[in-house]
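A.B. asks: Next comes the structure file work_37.tsv, holding TSV, C-alpha atoms.
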```tsv
chain	number	residue	atom	x	y	z
C	1413	MET	CA	87.97	122.21	86.51
C	1414	LYS	CA	86.19	120.41	89.32
C	1415	PRO	CA	87.76	116.99	89.92
C	1416	VAL	CA	85.64	113.86	89.80
C	1417	LEU	CA	86.24	111.72	92.89
C	1418	LYS	CA	85.41	108.01	92.86
C	1419	LEU	CA	84.48	106.94	96.37
C	1420	ARG	CA	84.67	103.67	98.23
C	1421	THR	CA	83.72	103.29	101.87
C	1422	PHE	CA	84.34	100.77	104.66
C	1423	GLY	CA	82.65	100.45	108.04
C	1424	SER	CA	79.69	102.32	109.49
C	1425	PRO	CA	79.23	106.04	108.80
C	1426	GLY	CA	77.93	106.29	112.36
C	1427	ALA	CA	81.46	105.80	113.72
C	1428	ARG	CA	82.98	108.76	115.53
C	1429	PHE	CA	86.26	108.62	113.61
C	1430	TRP	CA	86.22	109.11	109.84
C	1431	LEU	CA	89.44	108.25	108.01
C	1432	ILE	CA	89.78	110.02	104.68
C	1433	LEU	CA	92.22	108.54	102.17
C	1434	PRO	CA	92.92	110.13	98.76
C	1435	VAL	CA	94.33	107.56	96.33
C	1436	ASP	CA	95.05	107.01	92.67
C	1437	ALA	CA	92.21	105.34	90.78
C	1438	GLU	CA	94.25	102.15	90.44
C	1439	GLU	CA	94.78	102.04	94.20
C	1440	LEU	CA	91.15	102.29	95.26
C	1441	THR	CA	90.96	98.62	96.22
C	1442	ALA	CA	94.06	99.01	98.45
C	1443	ALA	CA	91.99	101.11	100.83
C	1444	GLU	CA	90.48	97.90	102.17
C	1445	GLU	CA	93.95	96.83	103.33
C	1446	VAL	CA	94.28	100.06	105.28
C	1447	TYR	CA	90.85	99.68	106.86
C	1448	THR	CA	91.44	96.03	107.79
C	1449	ALA	CA	94.78	96.84	109.44
C	1450	VAL	CA	93.30	99.73	111.42
C	1451	VAL	CA	90.32	97.72	112.65
C	1452	ALA	CA	92.59	94.83	113.66
C	1453	ASN	CA	94.76	97.07	115.81
C	1454	SER	CA	92.38	99.58	117.36
C	1455	THR	CA	89.36	99.34	119.63
C	1456	LYS	CA	87.88	102.54	118.20
C	1457	LEU	CA	85.06	102.37	115.68
C	1458	VAL	CA	86.16	103.88	112.38
C	1459	TYR	CA	84.71	104.60	108.97
C	1460	LEU	CA	87.07	104.88	106.01
C	1461	LEU	CA	86.27	106.93	102.94
C	1462	ALA	CA	88.68	106.40	100.06
C	1463	ALA	CA	88.56	109.07	97.34
C	1464	ALA	CA	90.23	108.22	94.05
C	1465	VAL	CA	91.40	111.11	91.89
C	1466	GLU	CA	91.40	111.06	88.09
C	1467	ASP	CA	94.80	112.68	87.53
C	1468	TRP	CA	97.46	112.26	90.25
C	1469	ASN	CA	99.80	115.04	89.09
C	1470	ARG	CA	96.92	117.44	88.59
C	1471	ASP	CA	94.50	116.72	91.40
C	1472	LEU	CA	96.94	116.37	94.30
C	1473	SER	CA	99.68	118.87	93.42
C	1474	LEU	CA	99.71	122.08	95.43
C	1475	TRP	CA	100.69	124.52	92.71
C	1476	GLU	CA	102.21	124.40	89.26
C	1477	ALA	CA	105.69	122.88	89.10
C	1478	PRO	CA	107.88	121.33	86.40
C	1479	PRO	CA	108.29	117.55	86.06
C	1480	VAL	CA	110.63	115.92	88.55
C	1481	PHE	CA	110.62	112.55	86.80
C	1482	GLY	CA	109.19	111.77	83.38
C	1483	LYS	CA	107.62	114.52	81.30
C	1484	VAL	CA	104.35	115.22	83.08
C	1485	PRO	CA	104.35	118.52	85.00
C	1486	PHE	CA	102.39	119.25	88.16
C	1487	SER	CA	99.41	121.45	87.43
C	1488	GLY	CA	98.28	122.47	90.92
C	1489	GLY	CA	94.78	121.11	91.39
C	1490	ALA	CA	94.95	120.43	95.14
C	1491	GLU	CA	92.69	123.33	96.08
C	1492	ALA	CA	89.95	122.13	93.73
C	1493	THR	CA	90.27	118.60	95.13
C	1494	ARG	CA	90.08	119.84	98.70
C	1495	ASN	CA	87.01	121.91	97.86
C	1496	ALA	CA	85.34	118.89	96.27
C	1497	LEU	CA	86.17	116.67	99.24
C	1498	LEU	CA	85.14	118.87	102.17
C	1499	PRO	CA	81.38	119.00	101.43
C	1500	LEU	CA	81.30	115.19	101.61
C	1501	LEU	CA	82.41	115.21	105.23
C	1502	PRO	CA	80.12	115.71	108.24
C	1503	GLU	CA	80.74	118.43	110.80
C	1504	ASP	CA	80.01	116.20	113.80
C	1505	LYS	CA	82.73	113.58	113.24
C	1506	THR	CA	86.42	113.48	114.11
C	1507	LEU	CA	88.07	113.61	110.71
C	1508	LEU	CA	91.52	112.19	110.02
C	1509	LEU	CA	93.16	112.68	106.64
C	1510	GLY	CA	95.92	110.40	105.40
C	1511	GLY	CA	97.83	109.81	102.23
C	1512	TYR	CA	100.92	108.28	100.68
C	1513	SER	CA	103.50	110.00	98.47
C	1514	LEU	CA	101.94	113.03	96.71
C	1515	ALA	CA	98.67	112.25	98.50
C	1516	GLY	CA	100.66	112.44	101.74
C	1517	LEU	CA	101.80	115.94	100.83
C	1518	PHE	CA	98.21	116.83	99.95
C	1519	ALA	CA	97.12	115.64	103.40
C	1520	LEU	CA	99.88	117.63	105.08
C	1521	TRP	CA	99.05	120.78	103.12
C	1522	THR	CA	95.35	120.40	103.91
C	1523	GLY	CA	96.26	120.22	107.60
C	1524	TYR	CA	97.77	123.70	107.25
C	1525	GLU	CA	94.89	125.10	105.19
C	1526	THR	CA	91.83	124.05	107.20
C	1527	ASP	CA	90.93	123.05	110.75
C	1528	ARG	CA	88.36	120.48	109.59
C	1529	PHE	CA	90.81	117.64	110.20
C	1530	ALA	CA	91.84	116.77	113.74
C	1531	GLY	CA	94.91	114.93	112.46
C	1532	VAL	CA	96.81	114.15	109.30
C	1533	ALA	CA	98.98	111.15	108.44
C	1534	ALA	CA	101.56	112.08	105.81
C	1535	VAL	CA	103.25	108.84	104.81
C	1536	SER	CA	106.35	109.23	102.61
C	1537	PRO	CA	105.00	112.66	101.69
C	1538	SER	CA	106.51	114.50	98.72
C	1539	VAL	CA	108.02	117.21	100.92
C	1540	TRP	CA	110.68	117.68	98.23
C	1541	TYR	CA	107.96	119.49	96.25
C	1542	PRO	CA	109.22	122.86	94.91
C	1543	GLY	CA	108.28	125.66	97.29
C	1544	TRP	CA	107.03	123.44	100.12
C	1545	LEU	CA	109.62	124.41	102.73
C	1546	ASP	CA	109.05	128.10	101.98
C	1547	TYR	CA	105.33	127.54	102.46
C	1548	ILE	CA	105.60	125.92	105.91
C	1549	ARG	CA	108.16	128.36	107.29
C	1550	THR	CA	105.54	131.09	107.43
C	1551	ARG	CA	102.56	129.00	108.59
C	1552	THR	CA	101.30	127.01	111.56
C	1553	PRO	CA	99.33	123.78	111.09
C	1554	LYS	CA	95.63	123.87	111.92
C	1555	ALA	CA	95.44	120.10	112.45
C	1556	LYS	CA	95.96	119.12	116.09
C	1557	ARG	CA	98.18	116.10	115.37
C	1558	ILE	CA	100.56	115.30	112.52
C	1559	TYR	CA	102.12	111.93	111.75
C	1560	LEU	CA	105.11	111.83	109.39
C	1561	SER	CA	106.96	108.79	108.13
C	1562	LEU	CA	109.67	108.02	105.59
C	1563	GLY	CA	111.55	104.99	104.36
C	1564	ASP	CA	115.19	105.04	105.43
C	1565	ARG	CA	116.37	104.46	101.85
C	1566	GLU	CA	114.27	107.16	100.20
C	1567	GLU	CA	116.99	109.78	100.47
C	1568	LEU	CA	119.33	107.45	98.56
C	1569	ALA	CA	117.37	107.94	95.32
C	1570	LYS	CA	119.43	108.71	92.22
C	1571	ASN	CA	117.14	111.60	91.33
C	1572	ARG	CA	118.54	114.67	93.12
C	1573	VAL	CA	115.19	116.24	93.88
C	1574	LEU	CA	113.76	113.03	95.29
C	1575	ALA	CA	116.94	112.44	97.30
C	1576	SER	CA	116.35	115.72	99.13
C	1577	VAL	CA	113.29	114.19	100.82
C	1578	GLY	CA	115.27	113.18	103.93
C	1579	ASP	CA	116.55	116.69	104.63
C	1580	CYS	CA	113.13	118.13	103.78
C	1581	ILE	CA	111.22	115.91	106.19
C	1582	ARG	CA	113.71	116.62	108.96
C	1583	ALA	CA	113.16	120.33	108.34
C	1584	GLN	CA	109.41	119.76	108.32
C	1585	TYR	CA	109.47	117.92	111.64
C	1586	ALA	CA	111.72	120.54	113.24
C	1587	LEU	CA	109.07	123.19	112.53
C	1588	LEU	CA	106.33	121.25	114.34
C	1589	GLU	CA	105.55	121.28	118.04
C	1590	PRO	CA	107.07	118.06	119.52
C	1591	ASN	CA	103.97	117.18	121.54
C	1592	THR	CA	101.73	117.38	118.48
C	1593	ALA	CA	103.74	115.43	115.92
C	1594	THR	CA	105.92	112.40	115.34
C	1595	LEU	CA	108.36	111.29	112.65
C	1596	GLU	CA	108.73	107.55	112.11
C	1597	TRP	CA	111.51	106.04	110.02
C	1598	ASN	CA	110.73	102.75	108.29
C	1599	PRO	CA	113.07	100.26	106.60
C	1600	GLY	CA	113.11	100.32	102.82
C	1601	ASN	CA	112.51	102.62	99.91
C	1602	HIS	CA	109.51	104.70	98.86
C	1603	PHE	CA	107.53	101.74	97.59
C	1604	ARG	CA	107.82	99.38	100.54
C	1605	ASP	CA	104.63	98.52	102.47
C	1606	PRO	CA	102.70	101.68	101.56
C	1607	TRP	CA	99.32	100.59	102.89
C	1608	GLN	CA	100.51	99.01	106.12
C	1609	ARG	CA	102.48	102.17	106.78
C	1610	THR	CA	99.43	104.31	106.03
C	1611	ALA	CA	97.43	102.23	108.50
C	1612	ARG	CA	100.12	102.84	111.14
C	1613	GLY	CA	99.75	106.55	110.59
C	1614	PHE	CA	96.02	106.42	111.18
C	1615	LEU	CA	96.55	104.22	114.24
C	1616	TRP	CA	98.95	106.74	115.76
C	1617	LEU	CA	96.40	109.50	115.26
C	1618	LEU	CA	93.66	107.40	116.84
C	1619	GLU	CA	95.85	106.79	119.89
C	1620	GLN	CA	96.56	110.52	120.24
C	1621	LEU	CA	93.00	111.75	119.82
C	1622	GLN	CA	90.70	110.62	122.61
```
Go through the file and emit its structure as structure tokens.
C.D. replies:
Amino acid sequence: MKPVLKLRTFGSPGARFWLILPVDAEELTAAEEVYTAVVANSTKLVYLLAAAVEDWNRDLSLWEAPPVFGKVPFSGGAEATRNALLPLLPEDKTLLLGGYSLAGLFALWTGYETDRFAGVAAVSPSVWYPGWLDYIRTRTPKAKRIYLSLGDREELAKNRVLASVGDCIRAQYALLEPNTATLEWNPGNHFRDPWQRTARGFLWLLEQLQ
């Protein structure tokens, strides 16, 4: 099933740097907060394309996996979402892909799967996802730069799987080349300042990529 992406854009498509931000449909308006924060803190001209997915657990999950919280399983639609997104993006721009939570994992995974993105910003990514560490141990990222961040209270979650996120992101960072990646720790839990933190991820990538 081909996902239907609802798009919202900010800035001029003529900008060199295109920021791509997958979000939940209810978060589409939050993309403006990300764009505003990036523009306020960077001299580079950017264009932001926010792509809202219909079904979070389907469209952004990498492969099938059982529920971690609640009763809704992950159905593994990330490949279809990536294939729907890529034709929308020009070949002559510097593409940066960012995301928060499961969208952050989607961004990270995409950075391993294709070289279309110069950098990825994985903000509080769901690196606890079943099978993720096995996946990255046998692969090298194709994105040139990778930004990781996590709230310092996320690994204190009561849910055991979610609480493994701290160890998982440390393992993730250890597998990356130090001069191509960074790991930033932020105060608070998973839900604190998601869009300002996403903007910081994009800003780091913009500073790294001249």
A.B. asks: Excluding C:Gln1620 and its own-chain neighbours fewer than 4 positions away, which residues fall within 10 Å of it when counting only C-alpha atoms? Please give them as an mmCIF file with C-alpha atoms, in the coordinates of the input.
C.D. replies:
```cif
data_model
loop_
_atom_site.group_PDB
_atom_site.id
_atom_site.type_symbol
_atom_site.label_atom_id
_atom_site.label_comp_id
_atom_site.auth_asym_id
_atom_site.auth_seq_id
_atom_site.Cartn_x
_atom_site.Cartn_y
_atom_site.Cartn_z
ATOM 1 C CA GLY C 1531 94.910 114.930 112.460
ATOM 2 C CA LYS C 1556 95.960 119.120 116.090
ATOM 3 C CA ARG C 1557 98.180 116.100 115.370
ATOM 4 C CA ILE C 1558 100.560 115.300 112.520
ATOM 5 C CA THR C 1592 101.730 117.380 118.480
ATOM 6 C CA ALA C 1593 103.740 115.430 115.920
ATOM 7 C CA PHE C 1614 96.020 106.420 111.180
ATOM 8 C CA LEU C 1615 96.550 104.220 114.240
ATOM 9 C CA TRP C 1616 98.950 106.740 115.760
#
```
A.B. asks: For C:Ala1437, which residue among C:Phe1603, C:Trp1544, C:Trp1468, C:Tyr1459 is the nearest when counting all atoms listed in the file?
C.D. replies: C:Trp1468
A.B. asks: Expressed in Å to a single decimal, how great is the separation between atom CA of C:Val1451 and atom CA of C:Leu1508?
C.D. replies: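 That distance, rounded to one decimal, is 14.8 Å.
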A.B. asks: List the spatial neighbours of stretch 1486-1492 of chain C as a list in words - criterion: any atom at most 10 Å away, all atoms listed in the file, same-chain residues fewer than 6 positions off excluded.
C.D. replies: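 The contact residues come out as Met1413, Lys1414, Pro1415, Asp1467, Trp1468, Asn1469, Arg1470, Asp1471, Leu1472, Ser1473, Leu1474, Trp1475, Glu1476, Ala1477, Pro1478, Pro1479, Val1480, Ala1515, Leu1517, Phe1518, Ala1519, Trp1521, Thr1522, Glu1525 and Tyr1541 of chain C.
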A.B. asks: Next, the residues of the selection above should be written as a PDB file, in the coordinates of the input with C-alpha atoms.
C.D. replies:
```pdb
ATOM      1  CA  MET C1413      87.970 122.210  86.510  1.00  0.00           C
ATOM      2  CA  LYS C1414      86.190 120.410  89.320  1.00  0.00           C
ATOM      3  CA  PRO C1415      87.760 116.990  89.920  1.00  0.00           C
ATOM      4  CA  ASP C1467      94.800 112.680  87.530  1.00  0.00           C
ATOM      5  CA  TRP C1468      97.460 112.260  90.250  1.00  0.00           C
ATOM      6  CA  ASN C1469      99.800 115.040  89.090  1.00  0.00           C
ATOM      7  CA  ARG C1470      96.920 117.440  88.590  1.00  0.00           C
ATOM      8  CA  ASP C1471      94.500 116.720  91.400  1.00  0.00           C
ATOM      9  CA  LEU C1472      96.940 116.370  94.300  1.00  0.00           C
ATOM     10  CA  SER C1473      99.680 118.870  93.420  1.00  0.00           C
ATOM     11  CA  LEU C1474      99.710 122.080  95.430  1.00  0.00           C
ATOM     12  CA  TRP C1475     100.690 124.520  92.710  1.00  0.00           C
ATOM     13  CA  GLU C1476     102.210 124.400  89.260  1.00  0.00           C
ATOM     14  CA  ALA C1477     105.690 122.880  89.100  1.00  0.00           C
ATOM     15  CA  PRO C1478     107.880 121.330  86.400  1.00  0.00           C
ATOM     16  CA  PRO C1479     108.290 117.550  86.060  1.00  0.00           C
ATOM     17  CA  VAL C1480     110.630 115.920  88.550  1.00  0.00           C
ATOM     18  CA  ALA C1515      98.670 112.250  98.500  1.00  0.00           C
ATOM     19  CA  LEU C1517     101.800 115.940 100.830  1.00  0.00           C
ATOM     20  CA  PHE C1518      98.210 116.830  99.950  1.00  0.00           C
ATOM     21  CA  ALA C1519      97.120 115.640 103.400  1.00  0.00           C
ATOM     22  CA  TRP C1521      99.050 120.780 103.120  1.00  0.00           C
ATOM     23  CA  THR C1522      95.350 120.400 103.910  1.00  0.00           C
ATOM     24  CA  GLU C1525      94.890 125.100 105.190  1.00  0.00           C
ATOM     25  CA  TYR C1541     107.960 119.490  96.250  1.00  0.00           C
TER      26      TYR C1541
END
```
A.B. asks: Interatomic distance between atom CA of C:Leu1621 and atom CA of C:Ala1530?
C.D. replies: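 Atom CA of C:Leu1621 sits 8.0 Å away from atom CA of C:Ala1530.
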A.B. asks: Interatomic distance between atom CA of C:Phe1422 and atom CA of C:Gly1510?
C.D. replies: 15.1 Å
A.B. asks: Which one is closest to C:Ser1538: C:Leu1433, C:Ala1555, C:Leu1501, C:Cys1580? Count only C-alpha atoms.
C.D. replies: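 Using only C-alpha atoms, C:Ser1538 sits closest to C:Cys1580.
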A.B. asks: So, counting only C-alpha atoms, which residue among C:Leu1431, C:Leu1562, C:Val1484, C:Val1535 is closest to C:Gly1613?
C.D. replies: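 Between C:Leu1431, C:Leu1562, C:Val1484, C:Val1535, the residue approaching C:Gly1613 most closely is C:Val1535.
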A.B. asks: C:Val1465, C:Leu1417, C:Ala1534, C:Leu1545: which is nearest C:Ser1576, counting all atoms listed in the file?
C.D. replies: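 The shortest atom-to-atom distance to C:Ser1576 comes from C:Leu1545.
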A.B. asks: Could you pull the residues within 12 Å of C:Tyr1585, counting only C-alpha atoms, minus those fewer than 3 positions along the same chain, as a PDB file with C-alpha atoms, keeping the file's coordinate frame?
C.D. replies:
```pdb
ATOM      1  CA  LEU C1520      99.880 117.630 105.080  1.00  0.00           C
ATOM      2  CA  ALA C1534     101.560 112.080 105.810  1.00  0.00           C
ATOM      3  CA  VAL C1539     108.020 117.210 100.920  1.00  0.00           C
ATOM      4  CA  LEU C1545     109.620 124.410 102.730  1.00  0.00           C
ATOM      5  CA  ILE C1548     105.600 125.920 105.910  1.00  0.00           C
ATOM      6  CA  ARG C1549     108.160 128.360 107.290  1.00  0.00           C
ATOM      7  CA  PRO C1553      99.330 123.780 111.090  1.00  0.00           C
ATOM      8  CA  ILE C1558     100.560 115.300 112.520  1.00  0.00           C
ATOM      9  CA  TYR C1559     102.120 111.930 111.750  1.00  0.00           C
ATOM     10  CA  LEU C1560     105.110 111.830 109.390  1.00  0.00           C
ATOM     11  CA  SER C1561     106.960 108.790 108.130  1.00  0.00           C
ATOM     12  CA  LEU C1562     109.670 108.020 105.590  1.00  0.00           C
ATOM     13  CA  GLY C1578     115.270 113.180 103.930  1.00  0.00           C
ATOM     14  CA  ASP C1579     116.550 116.690 104.630  1.00  0.00           C
ATOM     15  CA  CYS C1580     113.130 118.130 103.780  1.00  0.00           C
ATOM     16  CA  ILE C1581     111.220 115.910 106.190  1.00  0.00           C
ATOM     17  CA  ARG C1582     113.710 116.620 108.960  1.00  0.00           C
ATOM     18  CA  LEU C1588     106.330 121.250 114.340  1.00  0.00           C
ATOM     19  CA  GLU C1589     105.550 121.280 118.040  1.00  0.00           C
ATOM     20  CA  PRO C1590     107.070 118.060 119.520  1.00  0.00           C
ATOM     21  CA  ASN C1591     103.970 117.180 121.540  1.00  0.00           C
ATOM     22  CA  THR C1592     101.730 117.380 118.480  1.00  0.00           C
ATOM     23  CA  ALA C1593     103.740 115.430 115.920  1.00  0.00           C
ATOM     24  CA  THR C1594     105.920 112.400 115.340  1.00  0.00           C
ATOM     25  CA  LEU C1595     108.360 111.290 112.650  1.00  0.00           C
ATOM     26  CA  GLU C1596     108.730 107.550 112.110  1.00  0.00           C
TER      27      GLU C1596
END
```
A.B. asks: Would you mind telling me which residue in C:Ser1454, C:Glu1567, C:Lys1554, C:Lys1418 lies nearest to C:Arg1528 when using all atoms listed in the file?
C.D. replies: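 Result for the nearest residue to C:Arg1528: C:Lys1554.
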